[in-house]
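Novice: Here you go, one structure.
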Amino acid sequence: KRLGYAIVGLGQFALNQIIPSFAESKSSKLVALVSGNRDKALQVAERYGVQQKNIYDYQSFDRIADNDEIDIVYIILPNALHAEYTVRAFKAGKHVLCEKPMAVTAEECETMIRAGREADRKLMIAYRAQYEPYNMEAIRMAREGELGKIRLVTSDHGRILDPKVPADQWRMVKALAGGGSLYDIGIYSLQAARYITGEEPVEVSAHISSDTSDPRFREIEELVAFQLRFPSGALASLTSSYSTSPVKRIQVFGSKASLVLDPATEYERHQMMVKTEKEERRVQSPEGNQFAAEMDHMAKAVLEKREPKTPGEEGLRDIRIMQAVYRAAQEGRPVSLETTGSTAR
Ligand code: NAD
């Protein structure tokens, strides 16, 4: 059985990655579109076989409550709109898959989680890397001890923010993005440290640097370097950048071997190497469509009435840690996370 998805927001990511990936899904189908641009929605509907009666705009959105074809609402809007549309989707009785970062504040995340519970609907955050075969293999190797004891994780995510690209324009506005490079892509570095170690950090220290003479960084941060300490004693050294050439890399250093995933969080064509003192070998994984896998995971969670692997609580943890990163950088000293509700997994 395939569950019906409504896509909210027909931007760059929705159009180029998500909507085409329904063709490779097994448990998901595209049935509805929500957009402020009627012409664009009509074109997309025509191309992907969505019925015209299933096109909504942001005003008519709440009428999805009357549409039984829609099971799951997938929110792909600027970050500051995630909370509002998640709550409205739950009020309409739908399940929600929401893009990262989950929201702007921890309070918004808590409201979203509560709304899902009250409506008895599932909430999943679209942490695609956790559904991507190379990352899943790296997690397996780390957890099953193939690298020895994990002592250090480093991860870097960077790209050049381009004010000419519409998708980057709202990213420069704090009220819409919530934060800068950290919220947008540093979250992948943070996720990597958490899913590779399988631990929750207990302490964070951080530096932030922004060239404020650059109009891109008037409101949001440019560069972030932060470190996490985990209960086992493992450390993570993580960065994000909005002004340097593209990087999406994860490195894991264990007592027996190290692993390099580079690129680690691309849309496709990942590469993984495992190095020991004696040898260096390439690890091949079947390259699967991570977007289809992610949507199917959500559909199965709904069908089988179980929690998705990346529920709202997972999104909330990252928002709390990223808020602690800002605080540590601002105060110029480490911030303890023990009291901010991190839970061991
Ligand atoms: P985008 O700007 O291309 O898309 C956002 C869409 O929201 C646009 O179509 C825009 O018209 C619409 N919108 C509705 N109300 C708006 C408002 N008030 N202001 C501005 N736009 C409004 O951006 P995107 O890159 O597609 O990002 C959308 C979301 O998806 C973000 O949360 C982003 O973090 C996430 N994203 C995730 C990945 C991933 O790999 N998981 C990749 C890219 C983006």
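Residue numbering restarts at 1 in every chain; chains get A, B, ... in the order shown in the structure tokens, and ligands count up from 1 in that same order.
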Set the cut-off to 6 Å, count only C-alpha atoms and all ligand atoms, and list whatever residues fall near ligand 1 as a list in words.
Specialist: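 Here is the list of contacting residues: Gly9, Leu10, Gly11, Gln12, Phe13, Ala14, Ile76, Leu77, Pro78, Asn79, Glu99, Lys100, Pro101, Arg128, Pro166, Ala167, Trp170 and Asp184 of chain A.
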Novice: For the residues selected in the previous step, produce a file with N, CA and C atoms as an mmCIF file, in the first residue's frame.
Specialist:
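Saved to selection-v4.cif:
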```
data_model
loop_
_atom_site.group_PDB
_atom_site.id
_atom_site.type_symbol
_atom_site.label_atom_id
_atom_site.label_comp_id
_atom_site.auth_asym_id
_atom_site.auth_seq_id
_atom_site.Cartn_x
_atom_site.Cartn_y
_atom_site.Cartn_z
ATOM 1 N N GLY A 9 5.275 23.682 -0.229
ATOM 2 C CA GLY A 9 6.416 24.495 -0.644
ATOM 3 C C GLY A 9 7.070 23.881 -1.866
ATOM 4 N N LEU A 10 6.932 24.566 -2.999
ATOM 5 C CA LEU A 10 7.517 24.032 -4.241
ATOM 6 C C LEU A 10 8.779 24.802 -4.583
ATOM 7 N N GLY A 11 9.770 24.731 -3.683
ATOM 8 C CA GLY A 11 11.054 25.401 -3.913
ATOM 9 C C GLY A 11 12.049 24.458 -4.562
ATOM 10 N N GLN A 12 13.310 24.888 -4.466
ATOM 11 C CA GLN A 12 14.413 24.181 -5.124
ATOM 12 C C GLN A 12 14.511 22.705 -4.721
ATOM 13 N N PHE A 13 14.499 22.475 -3.418
ATOM 14 C CA PHE A 13 14.697 21.109 -2.927
ATOM 15 C C PHE A 13 13.485 20.224 -3.248
ATOM 16 N N ALA A 14 12.283 20.759 -3.058
ATOM 17 C CA ALA A 14 11.068 19.995 -3.355
ATOM 18 C C ALA A 14 11.032 19.609 -4.835
ATOM 19 N N ILE A 76 8.343 21.597 3.292
ATOM 20 C CA ILE A 76 9.640 21.956 2.688
ATOM 21 C C ILE A 76 9.686 23.480 2.506
ATOM 22 N N LEU A 77 9.348 24.181 3.578
ATOM 23 C CA LEU A 77 9.285 25.649 3.595
ATOM 24 C C LEU A 77 10.511 26.220 4.309
ATOM 25 N N PRO A 78 10.740 27.545 4.192
ATOM 26 C CA PRO A 78 11.780 28.170 5.026
ATOM 27 C C PRO A 78 11.577 27.785 6.504
ATOM 28 N N ASN A 79 12.709 27.655 7.210
ATOM 29 C CA ASN A 79 12.719 27.084 8.559
ATOM 30 C C ASN A 79 11.707 27.691 9.527
ATOM 31 N N GLU A 99 11.079 19.141 7.125
ATOM 32 C CA GLU A 99 12.483 19.345 6.780
ATOM 33 C C GLU A 99 13.307 19.810 7.983
ATOM 34 N N LYS A 100 14.615 19.622 7.858
ATOM 35 C CA LYS A 100 15.566 20.114 8.854
ATOM 36 C C LYS A 100 15.895 21.558 8.537
ATOM 37 N N PRO A 101 16.342 22.395 9.468
ATOM 38 C CA PRO A 101 16.219 22.175 10.894
ATOM 39 C C PRO A 101 14.739 22.185 11.288
ATOM 40 N N ARG A 128 17.807 13.091 6.084
ATOM 41 C CA ARG A 128 17.982 12.122 4.999
ATOM 42 C C ARG A 128 19.235 11.266 5.151
ATOM 43 N N PRO A 166 17.333 32.418 -5.338
ATOM 44 C CA PRO A 166 16.186 32.644 -4.441
ATOM 45 C C PRO A 166 16.235 31.799 -3.171
ATOM 46 N N ALA A 167 16.645 30.538 -3.284
ATOM 47 C CA ALA A 167 16.685 29.660 -2.104
ATOM 48 C C ALA A 167 17.684 30.169 -1.062
ATOM 49 N N TRP A 170 16.184 33.834 1.474
ATOM 50 C CA TRP A 170 15.583 33.752 2.818
ATOM 51 C C TRP A 170 16.605 33.236 3.831
ATOM 52 N N ASP A 184 21.683 25.624 8.856
ATOM 53 C CA ASP A 184 21.412 25.087 7.522
ATOM 54 C C ASP A 184 22.228 23.829 7.231
#
```
Novice: Can you work out which one of A:Val247, A:Val34, A:Leu228, A:Met273 has the shortest atom-to-atom distance to A:Ser336, counting only C-alpha atoms?
Specialist: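 So, comparing all the options, the nearest one is A:Leu228.
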Novice: Considering only C-alpha atoms, can you say which of A:Gly180, A:Gly186, A:Gly49, A:Gly233 comes closest to A:Glu203?
Specialist: A:Gly233
Novice: Which residues, written as a PyMOL selection string, have at least one atom at most 8 Å from A:Arg121, with only C-alpha atoms counted and residues fewer than 4 positions away on the same chain left out?
Specialist: chain A and resi 90+93-96+116-117
Novice: Based on the backbone DSSP call, show me all residues of stretch 110-178 of chain A assigned strand (DSSP E), as a PyMOL selection string.
Specialist: chain A and resi 123-125+150-160
Novice: Keeping all heavy atoms, export the residues of the selection given above as a short mmCIF file (atom, residue, chain, number, x, y, z; two decimals), in the first residue's frame.
Specialist:
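Writing done, so here's again06.cif:
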```cif
data_model
loop_
_atom_site.label_atom_id
_atom_site.label_comp_id
_atom_site.auth_asym_id
_atom_site.auth_seq_id
_atom_site.Cartn_x
_atom_site.Cartn_y
_atom_site.Cartn_z
N LEU A 123 5.22 12.33 13.77
CA LEU A 123 6.06 13.45 13.34
C LEU A 123 7.47 12.93 13.09
O LEU A 123 8.07 12.30 13.98
CB LEU A 123 6.09 14.54 14.43
CG LEU A 123 7.09 15.69 14.22
CD1 LEU A 123 6.85 16.44 12.91
CD2 LEU A 123 7.01 16.67 15.41
N MET A 124 7.97 13.16 11.90
CA MET A 124 9.34 12.74 11.56
C MET A 124 10.10 13.93 10.98
O MET A 124 9.54 14.74 10.25
CB MET A 124 9.29 11.60 10.54
CG MET A 124 10.62 11.23 9.93
SD MET A 124 10.52 9.69 8.95
CE MET A 124 11.82 10.00 7.75
N ILE A 125 11.37 14.05 11.36
CA ILE A 125 12.23 15.10 10.79
C ILE A 125 13.04 14.47 9.66
O ILE A 125 13.56 13.35 9.80
CB ILE A 125 13.14 15.72 11.86
CG1 ILE A 125 12.30 16.18 13.08
CG2 ILE A 125 13.95 16.89 11.28
CD1 ILE A 125 11.12 17.09 12.76
N ILE A 150 35.41 4.25 19.26
CA ILE A 150 35.34 5.55 18.58
C ILE A 150 35.80 6.64 19.55
O ILE A 150 35.21 6.80 20.63
CB ILE A 150 33.90 5.87 18.10
CG1 ILE A 150 33.34 4.75 17.21
CG2 ILE A 150 33.86 7.22 17.39
CD1 ILE A 150 34.12 4.48 15.97
N ARG A 151 36.86 7.35 19.18
CA ARG A 151 37.40 8.37 20.08
C ARG A 151 37.19 9.79 19.55
O ARG A 151 37.15 10.75 20.30
CB ARG A 151 38.90 8.12 20.32
CG ARG A 151 39.20 6.78 21.00
CD ARG A 151 38.50 6.67 22.33
NE ARG A 151 39.13 7.49 23.36
CZ ARG A 151 38.49 7.96 24.43
NH1 ARG A 151 37.21 7.70 24.61
NH2 ARG A 151 39.13 8.70 25.29
N LEU A 152 37.11 9.90 18.22
CA LEU A 152 37.06 11.25 17.63
C LEU A 152 36.25 11.23 16.35
O LEU A 152 36.39 10.32 15.54
CB LEU A 152 38.51 11.67 17.35
CG LEU A 152 38.80 13.11 16.97
CD1 LEU A 152 38.40 14.07 18.08
CD2 LEU A 152 40.30 13.26 16.69
N VAL A 153 35.40 12.23 16.20
CA VAL A 153 34.67 12.42 14.94
C VAL A 153 34.93 13.85 14.49
O VAL A 153 34.87 14.78 15.31
CB VAL A 153 33.14 12.22 15.12
CG1 VAL A 153 32.39 12.51 13.83
CG2 VAL A 153 32.83 10.81 15.61
N THR A 154 35.26 14.03 13.22
CA THR A 154 35.33 15.38 12.69
C THR A 154 34.37 15.45 11.52
O THR A 154 34.17 14.46 10.80
CB THR A 154 36.74 15.80 12.22
OG1 THR A 154 37.07 15.08 11.03
CG2 THR A 154 37.79 15.52 13.29
N SER A 155 33.75 16.59 11.33
CA SER A 155 32.86 16.73 10.18
C SER A 155 32.79 18.20 9.77
O SER A 155 32.73 19.09 10.63
CB SER A 155 31.46 16.20 10.51
OG SER A 155 30.62 16.32 9.38
N ASP A 156 32.85 18.42 8.47
CA ASP A 156 32.82 19.77 7.92
C ASP A 156 31.73 19.87 6.86
O ASP A 156 31.64 19.01 5.98
CB ASP A 156 34.17 20.10 7.26
CG ASP A 156 35.31 19.94 8.24
OD1 ASP A 156 35.40 20.75 9.18
OD2 ASP A 156 36.10 18.98 8.08
N HIS A 157 30.93 20.90 6.96
CA HIS A 157 29.93 21.17 5.93
C HIS A 157 30.01 22.65 5.55
O HIS A 157 29.86 23.52 6.41
CB HIS A 157 28.53 20.78 6.39
CG HIS A 157 28.33 19.30 6.34
ND1 HIS A 157 28.79 18.47 7.35
CD2 HIS A 157 27.81 18.49 5.38
CE1 HIS A 157 28.54 17.20 7.00
NE2 HIS A 157 27.94 17.19 5.81
N GLY A 158 30.31 22.89 4.30
CA GLY A 158 30.45 24.27 3.84
C GLY A 158 30.01 24.45 2.41
O GLY A 158 29.98 23.49 1.63
N ARG A 159 29.64 25.67 2.09
CA ARG A 159 29.33 26.04 0.71
C ARG A 159 29.29 27.56 0.64
O ARG A 159 29.36 28.24 1.68
CB ARG A 159 28.01 25.45 0.26
CG ARG A 159 26.78 26.05 0.94
CD ARG A 159 25.53 25.37 0.42
NE ARG A 159 24.31 25.95 0.94
CZ ARG A 159 23.67 26.99 0.40
NH1 ARG A 159 24.14 27.60 -0.67
NH2 ARG A 159 22.55 27.44 0.94
N ILE A 160 29.20 28.08 -0.56
CA ILE A 160 29.15 29.53 -0.72
C ILE A 160 27.70 29.98 -0.88
O ILE A 160 27.01 29.56 -1.80
CB ILE A 160 30.01 29.96 -1.93
CG1 ILE A 160 31.48 29.61 -1.63
CG2 ILE A 160 29.83 31.46 -2.21
CD1 ILE A 160 32.45 29.86 -2.76
#
```
Novice: In Å, with one decimal, what is the gap from atom CA of A:Ile187 to atom CA of A:Leu235?
Specialist: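 Going from atom CA of A:Ile187 over to atom CA of A:Leu235, I get 16.6 Å.
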Novice: Which residue gives the smallest distance to A:Leu259 among A:Thr244, A:Ser205, A:Asn37, A:Thr276, with only C-alpha atoms counted?
Specialist: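 Ranking A:Thr244, A:Ser205, A:Asn37, A:Thr276 by distance to A:Leu259, first place goes to A:Thr276.
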Novice: List the spatial neighbours of stretch 130-137 of chain A as an mmCIF file with C-alpha atoms, in the first residue's frame - criterion: any atom at most 7 Å away, only C-alpha atoms, same-chain residues fewer than 3 positions off excluded.
Specialist:
```cif
data_model
loop_
_atom_site.group_PDB
_atom_site.id
_atom_site.type_symbol
_atom_site.label_atom_id
_atom_site.label_comp_id
_atom_site.auth_asym_id
_atom_site.auth_seq_id
_atom_site.Cartn_x
_atom_site.Cartn_y
_atom_site.Cartn_z
ATOM 1 C CA TYR A 127 17.286 13.760 8.355
ATOM 2 C CA ARG A 140 26.868 0.067 11.453
ATOM 3 C CA MET A 141 30.665 -0.187 11.303
ATOM 4 C CA HIS A 270 29.212 9.040 -1.916
ATOM 5 C CA SER A 285 27.521 0.403 -0.703
ATOM 6 C CA PRO A 286 24.651 0.090 -3.134
ATOM 7 C CA GLU A 287 23.729 3.702 -3.891
ATOM 8 C CA GLY A 288 20.026 3.988 -2.968
ATOM 9 C CA GLN A 290 17.829 8.385 0.117
ATOM 10 C CA ALA A 293 13.941 5.641 1.428
ATOM 11 C CA GLU A 294 13.178 8.455 3.832
#
```
